[in-house]
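Only one structure is covered here, and it is reproduced in the block below.
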Amino acid sequence: MLTDHDIYLFRQGTHSRLYYQLGCHLGAQGAQPGARFALWAPNARRVCVLGDWSGWRPDVHTLTARGDGSGIWEGFVPGVERGQRYKYRIESSHAGYVAEKADPFAVHGEVPPATASKVWSLDYTWNDGEWMRRRAQANALHAPISVYELHLGSWRRKHDGSWLGYREAAPALADYVQSLGYTHVELLPITEHPFYGSWGYQTTAYFAPSARYGTPQDLMHLVDTLHQRGIGVLLDWVPSHFPNDAHGLHYFDGTFLYEHADARQGFHPEWKSYIFNYGRHEVRAFLLSSALFWLDRYHLDGLRVDAVASMLYLDYGRKSGEWVPNRHGGKENLDAIEFLRMLNETVYREYPAVQVIAEESTAWPKVSRPIYDGGLGFGLKWNMGWMHDTLDYLSADPVFRKYRHDRVTFSIWYAFFENFLLPLSHDEVVHGKGSLYRKMPGDHWQKLANLRLLFGYLWTHPGKKLLFMGGEFGQDAEWSHDASLDWAGAETPERQALRLWIGDLNRVYRSEPALHQRDFDAGGFEWIDCHDVEASVISFMRKGSDDAAPILVIANFTPVPRHNYVVGVDRKGVWQELLNSDAPRYGGSGMGNLGGLESAPLPAHARPRSLTLTLPPLAVLVFKAPHG
């Protein structure tokens with residue numbers, strides 16, 4: 001039941017677990033079983049609950065408005081059972097508006113295109129205790145974090161083309177991700193969304209997983225299965241905007257309740273969707289509660305917050321005159337900034353072992369810096385600059401790469417300003433952009449060699465890693481949400497070899513502290529040579545803690561083999577070749593350095609010793625230093 005303290009926190013905007021009080025909750029009143037309903041609709045004149053138990057009659061179960069000015073309507077309905085459908089019929093006090101709305105706090109619903117909420121409970125027996133006890137270590141900023149991003153509806157489908165459910169996907173996904181050595185998966189939004197083609201980014205239900213793939217317990221089973229296999233689970237979460245579907249949040253009680261009334265603030269012109277009013281305390285509490293809900297009830301290990309840039313800037317996607325400046329005359333959305341800081345402060349206070357990740361594409365300062373230091377408080381930020389520059393560089397014919405050399409070196413100048421995650425995400429393989437494979441120049445062999453080079457550079461560059469499904473085997477076609485990945489094509493020998501490369505990259509990345517311990521520390525990276533423009537070769541060192549062996553990385557971005565290529569090093573002894581993307585096992589030509597080389601006392605690159613290497617074509621080499 002709602003207490004006076006709940007109402008106080010709700011109206012203050014700091015209530016972070018409203019889902020315990022609002023929505024539908026099975027129970028009993030005296031000896032009578034049924035369900036308690038509570039809904040925020042401050043501008044309603046009358047609110048009724050319609051459902052299967054009453055034949056959807058609008059005149060049977062009317063809720064009562066609380067007399068405390070909170071705008072909450074509540075009541076107990078006898079005879080309600082789990083699985084029954086329901087909606088709220090809202091008669092507004094404004095302009096005779098009447099609408100039937102799904103429950104904003106529903107935890108389950110009908111399979112779209114049907115739109116009713118379902119009476120449900122979230123009972124589940126978890127078996128992931130071992131993971132939960134050690135996940136702080138697995139999610140730490142000094143830990144290896146490599147993320148397999150996937151869209152559940154198109155990752156893998158049944159033979160008849162229908163979706164795999166949460167429960168059906170669990171063992172196959174766990175086996176696959178574990179075989180590739182990933183540490184985490186990230187699910188594109190599975191919060192309920194009416195339009196499947198939005199991939200979940202047009203959310204209507206902020207507490208309900210999509211019923212397309214099963215029940216809440218089925219999703220819990222998926223998370224539980226991954227956790228038992230040592231794999232973390234991140235959720236793409238969308239607090240930036242919502243669609244105008246009639247059953248959803250838009251114009252909820254005959255007023256602009258969740259969104260701004262002024263279209264210059266409340267309507268997104270590019271996405272044709274509505275923007276949350278972050279200045280309204282009750283809306284903040286709603287979104288805070290959604291974030292905590294997924295961590296509380298689904299044991300998720302982090303949230304990737306979508307479209308943060310659109311939240312931060314009042315003029316995002318707008319022309320001059322189409323936006324309202326803040327009280328200081330600026331374009332910064334002060335209410336959104338305050339909300340994001342409150343979100344991160346709340347999540348990390350309650351769950352210090354998780355990560356909150358910002359998809360933020362601008363130069364906004366200190367996105368992943370503490371609030372006390374003037375930051376937004378995120379744990380990680382997507383490095384969109386690295387992604388754009390790297391794909392621009394590698395999509396060019398190698399003969400022209402020397403004219404774009406800065407594209408592959410510039411990222412280090414700002415690599416330690418934020419806690420960066422390096423994304424090769426779904427956004428880069430849709431809407432006519434072509435697959436990663438198709439972006440690469442050259443014939444089939446060269447395309448795959450360029451992909452191996454791209455992935456080798458990703459896995460050795462400072463920052464955590466993310467790759468969208470299909471990239472791991474070089475899918476030919478760009479991603480389509482209406483079909484499964486090309487699993488038949490993935491079984492060709494050369495694409496199996498590319499998948500083997502991903503697995504070995506993850507294995508070395510996880511086992512070598514120098515490749516992950518100091519991702520966000522400038523002392524963990526050192527250029528050997530970033531100026532070999534004519535050869536399009538770069539070389540650098542990655543360093544971990546004092547007792548961790550340094551890692552040497554050399555990348556040749558041309559199809560020309562480089563013989564007797566000299567690289568300066570500090571240590572005497574044999575430098576072990578851990579990885580060579582040109583090895584035959586990965587589909588390469590087989591050039592290399594026989595598993596390692598001993599450094600010679602010949603100075604180079606301002607270092608006392610050097611290695612004289614064979615650099616294979618379109619390849620990356622990874623060497624481990626001898627013990628100092």
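Chain labels run A, B, ... following the order of the structure tokens; each chain numbers its residues from 1, and ligands are numbered from 1 in the order shown.
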Skip region 112-121 of chain A itself and residues of its chain fewer than 4 positions away, then list as JSON, numbers by chain all residues within 7 Å of it, counting only C-alpha atoms. {"A": [24, 81, 82, 83, 84, 85, 86, 87, 102, 103, 106, 107, 108, 194, 247]}
Write a file of the just-selected residues containing N, CA, C and O atoms, as an mmCIF file, in the first residue's frame.
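What follows is the written file out-v9.cif:
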data_model
loop_
_atom_site.group_PDB
_atom_site.id
_atom_site.type_symbol
_atom_site.label_atom_id
_atom_site.label_comp_id
_atom_site.auth_asym_id
_atom_site.auth_seq_id
_atom_site.Cartn_x
_atom_site.Cartn_y
_atom_site.Cartn_z
ATOM 1 N N CYS A 24 -0.482 -3.058 -10.854
ATOM 2 C CA CYS A 24 -1.389 -4.124 -10.414
ATOM 3 C C CYS A 24 -0.630 -5.123 -9.552
ATOM 4 O O CYS A 24 0.427 -5.607 -9.953
ATOM 5 N N GLU A 81 -7.408 -12.646 -11.384
ATOM 6 C CA GLU A 81 -6.467 -13.764 -11.366
ATOM 7 C C GLU A 81 -5.287 -13.502 -12.295
ATOM 8 O O GLU A 81 -5.382 -12.734 -13.256
ATOM 9 N N ARG A 82 -4.194 -14.155 -11.984
ATOM 10 C CA ARG A 82 -2.985 -14.044 -12.800
ATOM 11 C C ARG A 82 -3.289 -14.454 -14.240
ATOM 12 O O ARG A 82 -3.969 -15.449 -14.492
ATOM 13 N N GLY A 83 -2.750 -13.680 -15.184
ATOM 14 C CA GLY A 83 -2.917 -13.960 -16.599
ATOM 15 C C GLY A 83 -4.064 -13.220 -17.252
ATOM 16 O O GLY A 83 -4.137 -13.186 -18.489
ATOM 17 N N GLN A 84 -4.958 -12.638 -16.454
ATOM 18 C CA GLN A 84 -6.074 -11.903 -17.045
ATOM 19 C C GLN A 84 -5.599 -10.565 -17.605
ATOM 20 O O GLN A 84 -4.663 -9.952 -17.104
ATOM 21 N N ARG A 85 -6.278 -10.128 -18.642
ATOM 22 C CA ARG A 85 -5.920 -8.871 -19.308
ATOM 23 C C ARG A 85 -6.685 -7.707 -18.680
ATOM 24 O O ARG A 85 -7.794 -7.882 -18.188
ATOM 25 N N TYR A 86 -6.062 -6.513 -18.769
ATOM 26 C CA TYR A 86 -6.749 -5.337 -18.243
ATOM 27 C C TYR A 86 -6.204 -4.062 -18.866
ATOM 28 O O TYR A 86 -5.109 -4.029 -19.433
ATOM 29 N N LYS A 87 -6.976 -2.997 -18.734
ATOM 30 C CA LYS A 87 -6.581 -1.634 -19.082
ATOM 31 C C LYS A 87 -7.281 -0.674 -18.126
ATOM 32 O O LYS A 87 -8.195 -1.060 -17.382
ATOM 33 N N ALA A 102 -2.969 1.185 -21.389
ATOM 34 C CA ALA A 102 -2.256 0.109 -20.711
ATOM 35 C C ALA A 102 -1.651 0.656 -19.423
ATOM 36 O O ALA A 102 -1.494 1.867 -19.248
ATOM 37 N N ASP A 103 -1.333 -0.221 -18.524
ATOM 38 C CA ASP A 103 -0.785 0.176 -17.227
ATOM 39 C C ASP A 103 0.689 0.571 -17.396
ATOM 40 O O ASP A 103 1.506 -0.251 -17.828
ATOM 41 N N ALA A 106 2.767 -1.963 -15.646
ATOM 42 C CA ALA A 106 2.523 -3.384 -15.899
ATOM 43 C C ALA A 106 3.840 -4.121 -16.076
ATOM 44 O O ALA A 106 4.773 -3.620 -16.691
ATOM 45 N N VAL A 107 3.925 -5.331 -15.537
ATOM 46 C CA VAL A 107 5.144 -6.136 -15.674
ATOM 47 C C VAL A 107 5.013 -7.183 -16.783
ATOM 48 O O VAL A 107 5.965 -7.909 -17.080
ATOM 49 N N HIS A 108 3.844 -7.253 -17.417
ATOM 50 C CA HIS A 108 3.629 -8.191 -18.513
ATOM 51 C C HIS A 108 2.478 -7.676 -19.343
ATOM 52 O O HIS A 108 1.654 -6.870 -18.865
ATOM 53 N N PRO A 194 5.379 -1.584 -29.405
ATOM 54 C CA PRO A 194 4.357 -2.006 -30.373
ATOM 55 C C PRO A 194 4.923 -2.290 -31.759
ATOM 56 O O PRO A 194 4.518 -3.247 -32.404
ATOM 57 N N HIS A 247 -2.424 3.594 -26.609
ATOM 58 C CA HIS A 247 -2.513 2.910 -25.321
ATOM 59 C C HIS A 247 -1.355 3.260 -24.389
ATOM 60 O O HIS A 247 -1.327 2.819 -23.244
#
Mind checking which residues fall within 8 Å of Leu303 (chain A), counting only C-alpha atoms, ignoring those fewer than 2 positions away in the same chain, and posting them as a short mmCIF file (atom, residue, chain, number, x, y, z; two decimals) with N, CA, C and O atoms, in the first residue's frame?
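Written output follows (result-v4.cif):
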data_model
loop_
_atom_site.label_atom_id
_atom_site.label_comp_id
_atom_site.auth_asym_id
_atom_site.auth_seq_id
_atom_site.Cartn_x
_atom_site.Cartn_y
_atom_site.Cartn_z
N LEU A 234 23.67 -6.99 -20.06
CA LEU A 234 23.37 -5.55 -20.09
C LEU A 234 22.09 -5.33 -20.88
O LEU A 234 21.81 -6.05 -21.84
N LEU A 235 21.33 -4.32 -20.48
CA LEU A 235 20.08 -3.99 -21.16
C LEU A 235 20.17 -2.60 -21.76
O LEU A 235 20.55 -1.64 -21.09
N ASP A 236 19.82 -2.50 -23.03
CA ASP A 236 19.68 -1.20 -23.68
C ASP A 236 18.38 -0.58 -23.17
O ASP A 236 17.30 -1.15 -23.35
N TRP A 237 18.47 0.58 -22.54
CA TRP A 237 17.34 1.21 -21.85
C TRP A 237 17.12 2.60 -22.44
O TRP A 237 18.08 3.33 -22.67
N ALA A 291 14.58 2.01 -14.04
CA ALA A 291 15.99 1.60 -14.03
C ALA A 291 16.26 0.60 -12.92
O ALA A 291 16.88 -0.45 -13.13
N LEU A 300 20.05 -7.78 -13.73
CA LEU A 300 20.88 -7.29 -14.83
C LEU A 300 22.14 -6.63 -14.29
O LEU A 300 22.17 -6.10 -13.17
N ASP A 301 23.17 -6.64 -15.11
CA ASP A 301 24.49 -6.19 -14.68
C ASP A 301 24.82 -4.78 -15.15
O ASP A 301 25.92 -4.29 -14.89
N VAL A 305 22.37 3.40 -21.59
CA VAL A 305 21.36 4.45 -21.71
C VAL A 305 21.42 5.02 -23.12
O VAL A 305 22.43 5.60 -23.54
N GLN A 355 27.27 -1.51 -14.11
CA GLN A 355 27.75 -0.38 -14.89
C GLN A 355 26.57 0.31 -15.59
O GLN A 355 25.64 -0.36 -16.07
N VAL A 356 26.62 1.64 -15.62
CA VAL A 356 25.67 2.44 -16.40
C VAL A 356 26.48 3.08 -17.52
O VAL A 356 27.47 3.77 -17.27
N ILE A 357 26.05 2.82 -18.75
CA ILE A 357 26.85 3.16 -19.93
C ILE A 357 26.09 4.17 -20.78
O ILE A 357 24.92 3.96 -21.10
#
Just the residues within 10 Å of Met591 (chain A), please, counting only C-alpha atoms, with nothing from its chain fewer than 2 positions along; format it as number ranges by chain. A: 561, 580-584, 588-589, 593-594, 614-617, 619
What would the file look like if the residues just selected were written as a CSV table (one decimal), in the first residue's frame with C-alpha atoms?
chain,number,residue,atom,x,y,z
A,561,PRO,CA,54.3,-7.5,-46.5
A,580,ASN,CA,49.0,-13.1,-35.7
A,581,SER,CA,45.8,-12.3,-37.7
A,582,ASP,CA,47.5,-13.7,-40.9
A,583,ALA,CA,47.9,-17.1,-39.4
A,584,PRO,CA,46.4,-19.9,-41.6
A,588,GLY,CA,45.6,-15.8,-43.5
A,589,SER,CA,48.6,-16.3,-45.8
A,593,ASN,CA,57.7,-14.6,-37.0
A,594,LEU,CA,57.9,-18.3,-36.0
A,614,THR,CA,58.1,-9.7,-40.8
A,615,LEU,CA,54.8,-7.8,-41.0
A,616,PRO,CA,52.2,-9.8,-42.9
A,617,PRO,CA,49.8,-8.1,-45.2
A,619,ALA,CA,47.5,-7.9,-40.3
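Of the residues under consideration (A:Ala358, A:Val408, A:Leu602, A:Leu152), A:Val408 shows the shortest atom-to-atom contact distance to Val533 (chain A) when counting only C-alpha atoms.
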Report as a PyMOL selection string all protein, DNA and RNA residues lying within 10 Å of Gly230 (chain A), evaluated on only C-alpha atoms, omitting residues in the same chain fewer than 2 positions from it. chain A and resi 128+130-132+134-135+138+174+178+182-184+224-228+232-233
Residues near Leu222 (chain A), anyone? I mean within 8 Å using only C-alpha atoms, not counting same-chain ones fewer than 2 positions away, as a ChimeraX atom specification. /A:166-167,169-170,218-220,224-226
Can you write out the residues you just picked, keeping N, CA and C atoms, as a PDB file, in the first residue's frame?
ATOM      1  N   TYR A 166      12.703 -16.337 -25.079  1.00  0.00           N
ATOM      2  CA  TYR A 166      13.773 -16.147 -24.097  1.00  0.00           C
ATOM      3  C   TYR A 166      14.313 -17.495 -23.610  1.00  0.00           C
ATOM      4  N   ARG A 167      13.389 -18.385 -23.260  1.00  0.00           N
ATOM      5  CA  ARG A 167      13.788 -19.666 -22.681  1.00  0.00           C
ATOM      6  C   ARG A 167      14.459 -20.563 -23.722  1.00  0.00           C
ATOM      7  N   ALA A 169      16.102 -19.531 -26.375  1.00  0.00           N
ATOM      8  CA  ALA A 169      17.381 -18.947 -26.788  1.00  0.00           C
ATOM      9  C   ALA A 169      18.465 -19.153 -25.746  1.00  0.00           C
ATOM     10  N   ALA A 170      18.075 -19.356 -24.489  1.00  0.00           N
ATOM     11  CA  ALA A 170      19.035 -19.347 -23.383  1.00  0.00           C
ATOM     12  C   ALA A 170      20.212 -20.304 -23.582  1.00  0.00           C
ATOM     13  N   ASP A 218      10.436 -16.260 -18.233  1.00  0.00           N
ATOM     14  CA  ASP A 218      11.274 -16.769 -19.318  1.00  0.00           C
ATOM     15  C   ASP A 218      12.516 -15.894 -19.500  1.00  0.00           C
ATOM     16  N   LEU A 219      12.341 -14.576 -19.405  1.00  0.00           N
ATOM     17  CA  LEU A 219      13.492 -13.681 -19.490  1.00  0.00           C
ATOM     18  C   LEU A 219      14.418 -13.883 -18.293  1.00  0.00           C
ATOM     19  N   MET A 220      13.850 -14.056 -17.113  1.00  0.00           N
ATOM     20  CA  MET A 220      14.672 -14.328 -15.939  1.00  0.00           C
ATOM     21  C   MET A 220      15.508 -15.588 -16.146  1.00  0.00           C
ATOM     22  N   ASP A 224      19.462 -15.825 -15.979  1.00  0.00           N
ATOM     23  CA  ASP A 224      19.988 -16.804 -15.024  1.00  0.00           C
ATOM     24  C   ASP A 224      20.950 -17.774 -15.713  1.00  0.00           C
ATOM     25  N   THR A 225      20.564 -18.253 -16.893  1.00  0.00           N
ATOM     26  CA  THR A 225      21.400 -19.195 -17.637  1.00  0.00           C
ATOM     27  C   THR A 225      22.738 -18.568 -18.014  1.00  0.00           C
ATOM     28  N   LEU A 226      22.691 -17.328 -18.502  1.00  0.00           N
ATOM     29  CA  LEU A 226      23.929 -16.646 -18.868  1.00  0.00           C
ATOM     30  C   LEU A 226      24.803 -16.423 -17.640  1.00  0.00           C
TER      31      LEU A 226
END
Using only C-alpha atoms, which protein or nucleic acid residues come within 12 Å of Leu249 (chain A)? Drop anything in the same chain fewer than 6 positions from it, and give the result as a ChimeraX atom specification. /A:40-41,99-105,202-206,241-243,255-259,273-277,283,286
DSSP on the backbone: what in region 62-146 of chain A comes out strand (DSSP E), as a PyMOL selection string? chain A and resi 64-65+72-78+85-92+98-101+117-118+146
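Distances from A:Tyr372, A:Trp382, A:Trp56, A:Trp155 to Glu360 (chain A) were compared using only C-alpha atoms, and the smallest one belongs to A:Trp382.
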Selection: 7 Å around Gly573 (chain A), only C-alpha atoms, excl. self and same-chain fewer than 6 positions, as number ranges by chain: A: 598-599, 626
Rounded to one decimal in Å, what is the spacing between CA of Arg57 (chain A) and CA of Ala28 (chain A)? 22.2 Å
Mind checking DSSP for region 266-481 of chain A and telling me the helix (DSSP H, G or I) residues as an MDAnalysis selection string? chainID A and resid 266 281:298 308:312 334:350 371:373 384:394 398:409 411:414 426:429 436:439 444:460 471:473
Atomic distance CA of Gly214 (chain A) - CA of Gly165 (chain A), expressed in Å with one decimal: 5.7 Å
